[in-house]
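Report on one structure; see the data block that follows.
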2 protein chains.
Amino acid sequence: MVTGFSIIGGKPLEASTESRSGSIYGIDPATGAKLEPAYHHASVEDLDRAAKLAEEARATYSGLSGRERARFLRHIAAGMEATGAEIVGRAHRETALSEARLKGELARTVNQLRLFAHVVEEGSWANARIDPAQPERKPLPRADIRSVLRALGVVAVFGSSNFPLAFSVAGGDTASALAAGNPVIVKAHSAHPGTSELVGQVVCESVRACGLPAGVFALLFGAGSELGAALVAHPVVKAVGFTGSLSAGRSLMKIAASRPEPIPCFMEMSSSNPLVVLPEALATRGTQIANGLFGSFTLGVGQFCTKPGLVYLPRNEAADALVATLKSLVEQSQPSAMLTETICGNHHSGVAARKRNGAVVTLAEGAASPGGSSAAPALFEVRGSEMLRSPELAHEIFGPSTLVIRYEDRAELLALLNAVEGQLTATVHGTDADIAANIDLIRVLERKAGRLVVNGFPTGVEVCHAMVHGGPFPATSESRMTSVGSQAIYRFVRPVCYQDFPQAALPDELKNENPLGIWRLIDGEFTRAAVASGVPESAGKV
Amino acid sequence: MVTGFSIIGGKPLEASTESRSGSIYGIDPATGAKLEPAYHHASVEDLDRAAKLAEEARATYSGLSGRERARFLRHIAAGMEATGAEIVGRAHRETALSEARLKGELARTVNQLRLFAHVVEEGSWANARIDPAQPERKPLPRADIRSVLRALGVVAVFGSSNFPLAFSVAGGDTASALAAGNPVIVKAHSAHPGTSELVGQVVCESVRACGLPAGVFALLFGAGSELGAALVAHPVVKAVGFTGSLSAGRSLMKIAASRPEPIPCFMEMSSSNPLVVLPEALATRGTQIANGLFGSFTLGVGQFCTKPGLVYLPRNEAADALVATLKSLVEQSQPSAMLTETICGNHHSGVAARKRNGAVVTLAEGAASPGGSSAAPALFEVRGSEMLRSPELAHEIFGPSTLVIRYEDRAELLALLNAVEGQLTATVHGTDADIAANIDLIRVLERKAGRLVVNGFPTGVEVCHAMVHGGPFPATSESRMTSVGSQAIYRFVRPVCYQDFPQAALPDELKNENPLGIWRLIDGEFTRAAVASGVPESAGKV
């Protein structure tokens with residue numbers, strides 16, 4: 001089923017075009033074996049064609065009802081389930097992630113699509129607001145003012161390396177952009193081209209089955225620095241969703257900001273996910289926390305953006321015991337293949353840089369790697385006072401390592417937490433009494449992270465309405481948004497206001513009788529009621 | 001009451017500091033007379049001090065309840081009313097805007113403050129979301145996930161020239177940022193320093209009266225290119241609100257994007273506000289539309305960001321008649337003082353550039369200006385085909401002029417509208433039948449503007465819940481937001497998520513019993529109910 005071609009206009013982009021150069025192979029990280037077929041780079045001309053088709057599809061697609069978009073999303077979900085075995089098999093070969101993990105990720109991806117289908121079918125997400133006319137108001141009458149969220153336009157999505165399904169071709173960015181009514185152009189991540197193509201085929205099949213214009217979706221293979229940069233710079237593109245490294249994210253942000261028309265970028269980039277253990281929890285649950293923490297920072301070979309990479313512990317015996325448990329777990333651990341040779345190399349460089357820092361103690365490492373793309377867990381420790389002098393130690397190292405920071409007292413702990421950069425998550429282990437005694441610490445973490453976790457581990461990200469997977473820079477480029485959960489849809493819409501419009505020309509969300517039965521804010525009050533009669537329907541008429 | 005000093009920490013910044021250089025005078029645009037006192041430039045050190053105090057005030061201020069913040073906003077509103085005569089008098093001298101207009105603007109400013117007070121006191125704006133734990137869920141239990149909007153941090157606000165009250169020191173940006181829980185540092189516009197100081201004194205007096213930390217508000221005088229640039233670059237500042245020119249806005253956007261930690265910028269910059277007259281409306285109401293349009297584009301000497309500067313008419317007799325009426329109104333018009341000599345000079349340059357364009361016909365000009373800062377209305381015309389060749393003709397000219405574009409047919413009209421850049425508003429005059437026959441045109445305008453007006457004029461901007469005063473670039477830097485109406489508060493907040501938190505440590509908005517009585521989204525359903533008992537309150541406990 002995999003062909004090695006980008007997909008534009010619903011069709012494989014056959015390799016005959018002269019302007020394409022270079023190619024990408026999937027690599028099995030466990031063996032280093034090259035996986036057929038070769039994926040040819042799409043050219044800038046190919047991108048232009050995809051963009052043109054997307055822009056042509058925009059009007060039709062954004063004009064669909066929520067119900068119709070929901071049908072499309074559910075079709076993609078069902079298609080992914082039907083092709084699940086093939087997708088998971090290929091993803092396993094391309095990423096070395098376990099089939100069990102990938103099956104879970106597939107289920108999550110499908111759930112995401114269905115969550116957004118539910119949200120747009122129900123319709124209240126669209127923030128419909130109606131302030132009816134007040135023709136008798138003094139000193140001036142009030143016009144009839146209504147507003148609702150509308151699709152932004154073509155959205156560029158960058159597949160991520162570490163979630164080949166949930167943050168890639170039909171992942172959360174694509175699902176939320178499509179749900180909102182935007183055509184999507186995906187730049188596939190080069191680490192899993194076959195997986196990307198298989199999922200892309202499912203999306204295209206759904207486009208056809210739902211009778212949508214073929215430009216609604218395109219999948220392009222190419223280098224981030226060339227094709228990716230051209231995608232962000234393309235005038236048709238109105239927003240960007242990205243999950244990846246800080247350097248790649250920041251360079252795309254610069255391109256987006258330098259365009260003649262700057263566009264919003266939603267980049268999830270870098271997070272070290274501080275974890276604090278408070279005294280009572282430490283005294284009563286140290287071993288349990290050590291076990292959970294080890295599981296969390298080594299989960300998926302540490303390749304989660306929410307991996308806890310900074311662990312704050314006091315200098316006391318209870319903490320020594322927790323560290324000893326952690327140490328023993330790490331010492332007994334085995335190396336595993338990471339996603340790519342480059343990612344593994346970066347992990348080794350990060351670990352090597354830590355070891356070069358004279359203030360850092362290497363507490364434990366797992367069994368030596370057999371080379372290639374394999375890495376074993378590693379555990380480091382540093383004194384709080386040294387950490388304050390070496391803020392670079394707080395930067396994310398993507399992979400199965402973590403750094404224990406031993407602080408002297410609460411004042412030093414607060415200073416350390418105040419010094420951390422923006423994070424996706426921050427975790428506190430504590431009894432209710434611990435937390436009551438450390439509300440100031442919670443207040444600091446609220447400013448630093450998008451999600452605060454009590455007595456858990458940050459690596460599980462629930463896909464739900466209240467989830468915030470975001471946070472201050474450098475965790476993301478836009479702390480005001482989330483890339484996981486139903487609120488992710490708000491990245492790809494803008495409000496449009498209608499003043500004194502005739503009923504027939506209003507979007508259904510704003511019509512007096514509330515044909516969609518959605519929640520609306522009428523004169524500042526939430527209601528599902530129709531606009532009260534007595535409001536002059538002809539306020540805007542000639 | 002005016003002293004000539006910036007205000008930091010609630011106190012006038014006495015002029016003795018050596019590091020300050022340069023000064024600003026208010027100028028009466030009607031006479032060119034310099035108005036005492038001199039306003040000394042705040043230095044970068046002064047800014048540092050204001051920022052330090054603002055950051056110190058942040059924790060306390062953002063932790064206040066909505067009720068307490070509402071009290072503060074209402075105190076400012078009452079203070080502005082009490083000082084209204086002095087404020088309006090000074091503003092009249094500094095801007096040459098009429099006292100009637102300024103009284104109306106004062107009332108609007110006060111209403112804005114009270115609208116935001118109402119919004120944060122009621123509390124449902126905060127988008128509280130609760131997905132209760134599902135400990136029995138398979139394959140994995142669900143944690144308890146809750147999220148709510150929290151203040152971003154210190155906000156920089158730039159006063160605008162054209163709304164010395166409603167978009168300045170205690171205008172919509174300041175009111176919404178304060179309502180959301182952010183300290184504010186205002187860079188006063190140099191065109192109305194005395195007005196700015198008077199309003200700043202009112203805000204400071206309210207800070208004192210409400211017992212808030214003095215750093216909650218500061219007012220600084222200085223040059224945009226120096227003090228303004230330093231303000232946007234300051235590490236303590238987490239967001240920017242700005243209304244002004246495209247060039248100034250864009251240069252501040254670049255600074256914000258180049259910071260080590262980029263910050264969101266909400267810049268309202270440039271809009272020409274296209275207005276289209278459809279056939280039946282033209283045939284039946286041409287004269288009425290001409291009168292309304294003349295009033296709208298000359299209102300406040302054309303110094304509204306929503307001034308209709310592009311008027312699309314067919315080449316037929318009904319349109320000739322409308323143009324003849326407009327022409328006659330312009331010919332009879334008199335010059336008026338603009339806000340500043342620079343603004344007036346820019347208007348004259350813009351008008352001169354239009355006259356130099358061989359395709360543009362100057363249909364009419366008002367009586368010759370006596371010089372100084374005065375400008376008279378001007379009316380231009382161009383053929384649609386020429387307009388398509390000279391897109392620069394669509395750029396905003398701030399001041400009392402407008403350009404009539406005569407199109408051949410619907411296809412040309414659609415091409416012309418497709419070619420316009422992002423706008424704050426777009427207006428259509430048409431009967432219901434006109435609009436039904438031109439839905440494609442409405443769909444084009446939806447993509448171009450934040451607000452669509454039917455059978456009205458765009459210059460009145462209602463302050464209400466459904467208002468959108470925003471639009472695609474270059475109208476604003478962030479089409480997803482509005483700077484007018486209650487939704488403006490969403491610029492200055494970000495969501496924070498709480499996972500498995502003990503009740504006592506949750507913000508009030510998220511506590512099970514709903515102590516604030518606000519609307520919340522529980523498991524995806526809007527409700528004001530408490531979280532159902534049976535939800536394990538101790539899900540997050542040790």
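As shown in the structure tokens, the chain order sets the letters A, B, ...; within each chain, residues go from 1, and ligands are also counted from 1 in the order they appear.
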Residues of chain A within 6 Å of chain B, only C-alpha atoms counted, as number ranges by chain: A: 129-130, 145-147, 431, 450-454, 466, 468, 480, 494, 496-501, 542
Export of prior selection with N, CA and C atoms as a PDB file, in the first residue's frame:
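Final output, result25.pdb:
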ATOM      1  N   ARG A 129     -22.625  34.747  19.807  1.00  0.00           N
ATOM      2  CA  ARG A 129     -23.011  35.836  20.711  1.00  0.00           C
ATOM      3  C   ARG A 129     -23.975  36.754  19.980  1.00  0.00           C
ATOM      4  N   ILE A 130     -25.002  37.143  20.655  1.00  0.00           N
ATOM      5  CA  ILE A 130     -26.029  37.992  20.042  1.00  0.00           C
ATOM      6  C   ILE A 130     -26.379  39.118  21.005  1.00  0.00           C
ATOM      7  N   ILE A 145     -26.044  43.253  16.887  1.00  0.00           N
ATOM      8  CA  ILE A 145     -24.647  42.819  16.740  1.00  0.00           C
ATOM      9  C   ILE A 145     -24.569  41.340  17.107  1.00  0.00           C
ATOM     10  N   ARG A 146     -24.012  40.548  16.211  1.00  0.00           N
ATOM     11  CA  ARG A 146     -23.885  39.102  16.447  1.00  0.00           C
ATOM     12  C   ARG A 146     -22.495  38.667  16.011  1.00  0.00           C
ATOM     13  N   SER A 147     -21.940  37.684  16.692  1.00  0.00           N
ATOM     14  CA  SER A 147     -20.644  37.180  16.241  1.00  0.00           C
ATOM     15  C   SER A 147     -20.521  35.693  16.479  1.00  0.00           C
ATOM     16  N   THR A 431       0.859  15.503  50.384  1.00  0.00           N
ATOM     17  CA  THR A 431      -0.421  15.275  51.044  1.00  0.00           C
ATOM     18  C   THR A 431      -1.201  16.587  51.007  1.00  0.00           C
ATOM     19  N   GLY A 450       1.441  24.999  31.765  1.00  0.00           N
ATOM     20  CA  GLY A 450       0.060  24.913  31.296  1.00  0.00           C
ATOM     21  C   GLY A 450      -0.776  23.954  32.117  1.00  0.00           C
ATOM     22  N   ARG A 451      -0.121  22.935  32.706  1.00  0.00           N
ATOM     23  CA  ARG A 451      -0.879  21.935  33.472  1.00  0.00           C
ATOM     24  C   ARG A 451      -0.129  21.603  34.745  1.00  0.00           C
ATOM     25  N   LEU A 452      -0.820  21.627  35.862  1.00  0.00           N
ATOM     26  CA  LEU A 452      -0.254  21.271  37.156  1.00  0.00           C
ATOM     27  C   LEU A 452      -0.858  19.937  37.585  1.00  0.00           C
ATOM     28  N   VAL A 453       0.019  19.017  37.962  1.00  0.00           N
ATOM     29  CA  VAL A 453      -0.415  17.661  38.322  1.00  0.00           C
ATOM     30  C   VAL A 453      -0.103  17.428  39.791  1.00  0.00           C
ATOM     31  N   VAL A 454      -1.071  16.926  40.529  1.00  0.00           N
ATOM     32  CA  VAL A 454      -0.827  16.561  41.922  1.00  0.00           C
ATOM     33  C   VAL A 454      -0.817  15.035  42.051  1.00  0.00           C
ATOM     34  N   ALA A 466     -11.203  19.829  29.333  1.00  0.00           N
ATOM     35  CA  ALA A 466     -10.488  20.724  30.239  1.00  0.00           C
ATOM     36  C   ALA A 466      -8.970  20.647  30.076  1.00  0.00           C
ATOM     37  N   VAL A 468      -5.219  21.173  29.107  1.00  0.00           N
ATOM     38  CA  VAL A 468      -4.370  22.218  28.538  1.00  0.00           C
ATOM     39  C   VAL A 468      -3.006  21.588  28.293  1.00  0.00           C
ATOM     40  N   ARG A 480      -1.468  30.891  25.267  1.00  0.00           N
ATOM     41  CA  ARG A 480      -2.906  31.119  25.414  1.00  0.00           C
ATOM     42  C   ARG A 480      -3.732  29.995  24.792  1.00  0.00           C
ATOM     43  N   ARG A 494     -11.353  32.484  13.925  1.00  0.00           N
ATOM     44  CA  ARG A 494     -11.401  33.872  14.365  1.00  0.00           C
ATOM     45  C   ARG A 494     -12.863  34.291  14.407  1.00  0.00           C
ATOM     46  N   VAL A 496     -16.118  36.476  13.641  1.00  0.00           N
ATOM     47  CA  VAL A 496     -16.633  37.417  12.640  1.00  0.00           C
ATOM     48  C   VAL A 496     -17.948  37.964  13.177  1.00  0.00           C
ATOM     49  N   CYS A 497     -18.097  39.277  13.036  1.00  0.00           N
ATOM     50  CA  CYS A 497     -19.231  39.996  13.610  1.00  0.00           C
ATOM     51  C   CYS A 497     -20.164  40.455  12.488  1.00  0.00           C
ATOM     52  N   TYR A 498     -21.457  40.318  12.731  1.00  0.00           N
ATOM     53  CA  TYR A 498     -22.483  40.654  11.736  1.00  0.00           C
ATOM     54  C   TYR A 498     -23.383  41.729  12.337  1.00  0.00           C
ATOM     55  N   GLN A 499     -23.404  42.884  11.712  1.00  0.00           N
ATOM     56  CA  GLN A 499     -24.177  43.999  12.257  1.00  0.00           C
ATOM     57  C   GLN A 499     -25.401  44.245  11.393  1.00  0.00           C
ATOM     58  N   ASP A 500     -26.568  44.180  12.002  1.00  0.00           N
ATOM     59  CA  ASP A 500     -27.835  44.466  11.321  1.00  0.00           C
ATOM     60  C   ASP A 500     -28.048  43.602  10.087  1.00  0.00           C
ATOM     61  N   PHE A 501     -27.651  42.341  10.190  1.00  0.00           N
ATOM     62  CA  PHE A 501     -27.798  41.435   9.045  1.00  0.00           C
ATOM     63  C   PHE A 501     -29.228  40.922   8.933  1.00  0.00           C
ATOM     64  N   VAL A 542     -33.793  47.766   4.866  1.00  0.00           N
ATOM     65  CA  VAL A 542     -33.919  49.098   4.265  1.00  0.00           C
ATOM     66  C   VAL A 542     -35.295  49.666   4.588  1.00  0.00           C
TER      67      VAL A 542
END
Please report, as a JSON list (two decimals) with N, CA and C atoms, in the first residue's frame, each residue of stretch 303-350 of chain A to which DSSP assigns strand (DSSP E or B) when run on this structure's backbone.
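So the final result, stored in result_2.json, reads:
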[["chain", "number", "residue", "atom", "x", "y", "z"],
["A", 310, "LEU", "N", 13.17, 17.22, 35.52],
["A", 310, "LEU", "CA", 13.74, 17.95, 36.65],
["A", 310, "LEU", "C", 12.99, 17.52, 37.91],
["A", 311, "VAL", "N", 13.71, 16.96, 38.87],
["A", 311, "VAL", "CA", 13.07, 16.43, 40.08],
["A", 311, "VAL", "C", 13.67, 17.14, 41.29],
["A", 312, "TYR", "N", 12.82, 17.86, 42.02],
["A", 312, "TYR", "CA", 13.30, 18.69, 43.14],
["A", 312, "TYR", "C", 13.09, 17.95, 44.45],
["A", 313, "LEU", "N", 14.20, 17.66, 45.12],
["A", 313, "LEU", "CA", 14.15, 16.93, 46.39],
["A", 313, "LEU", "C", 15.01, 17.65, 47.43],
["A", 314, "PRO", "N", 14.60, 17.56, 48.68],
["A", 314, "PRO", "CA", 15.42, 18.18, 49.74],
["A", 314, "PRO", "C", 16.69, 17.37, 50.00],
["A", 336, "SER", "N", 17.19, 0.96, 24.94],
["A", 336, "SER", "CA", 16.15, 0.71, 23.94],
["A", 336, "SER", "C", 16.40, 1.63, 22.76],
["A", 337, "ALA", "N", 15.86, 1.22, 21.62],
["A", 337, "ALA", "CA", 16.03, 2.03, 20.41],
["A", 337, "ALA", "C", 15.20, 3.30, 20.52]]
Taking the backbone alone, and naming residues the way the document does, which bits of stretch 263-351 of chain A are helix (DSSP H, G or I) by DSSP, as a PyMOL selection string? chain A and resi 279-302+317-331+341-351
Compile the contact shell of B:Glu55 as a VMD selection string: residues with an atom at most 10 Å away, counting only C-alpha atoms, same-chain residues fewer than 3 positions apart removed. chain B and resid 49 to 52 58 to 61 153 to 154 182 to 184 215 to 216 236 to 237
Test item: residues at most 6 Å from A:Ala475, only C-alpha atoms, excluding those fewer than 4 positions along its chain, as number ranges by chain: A: 268-271, 422-424, 471
What gap, in Å, lies between atom CA of B:Glu205 and atom CA of B:Gly10?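 A separation of 7.9 Å between them.
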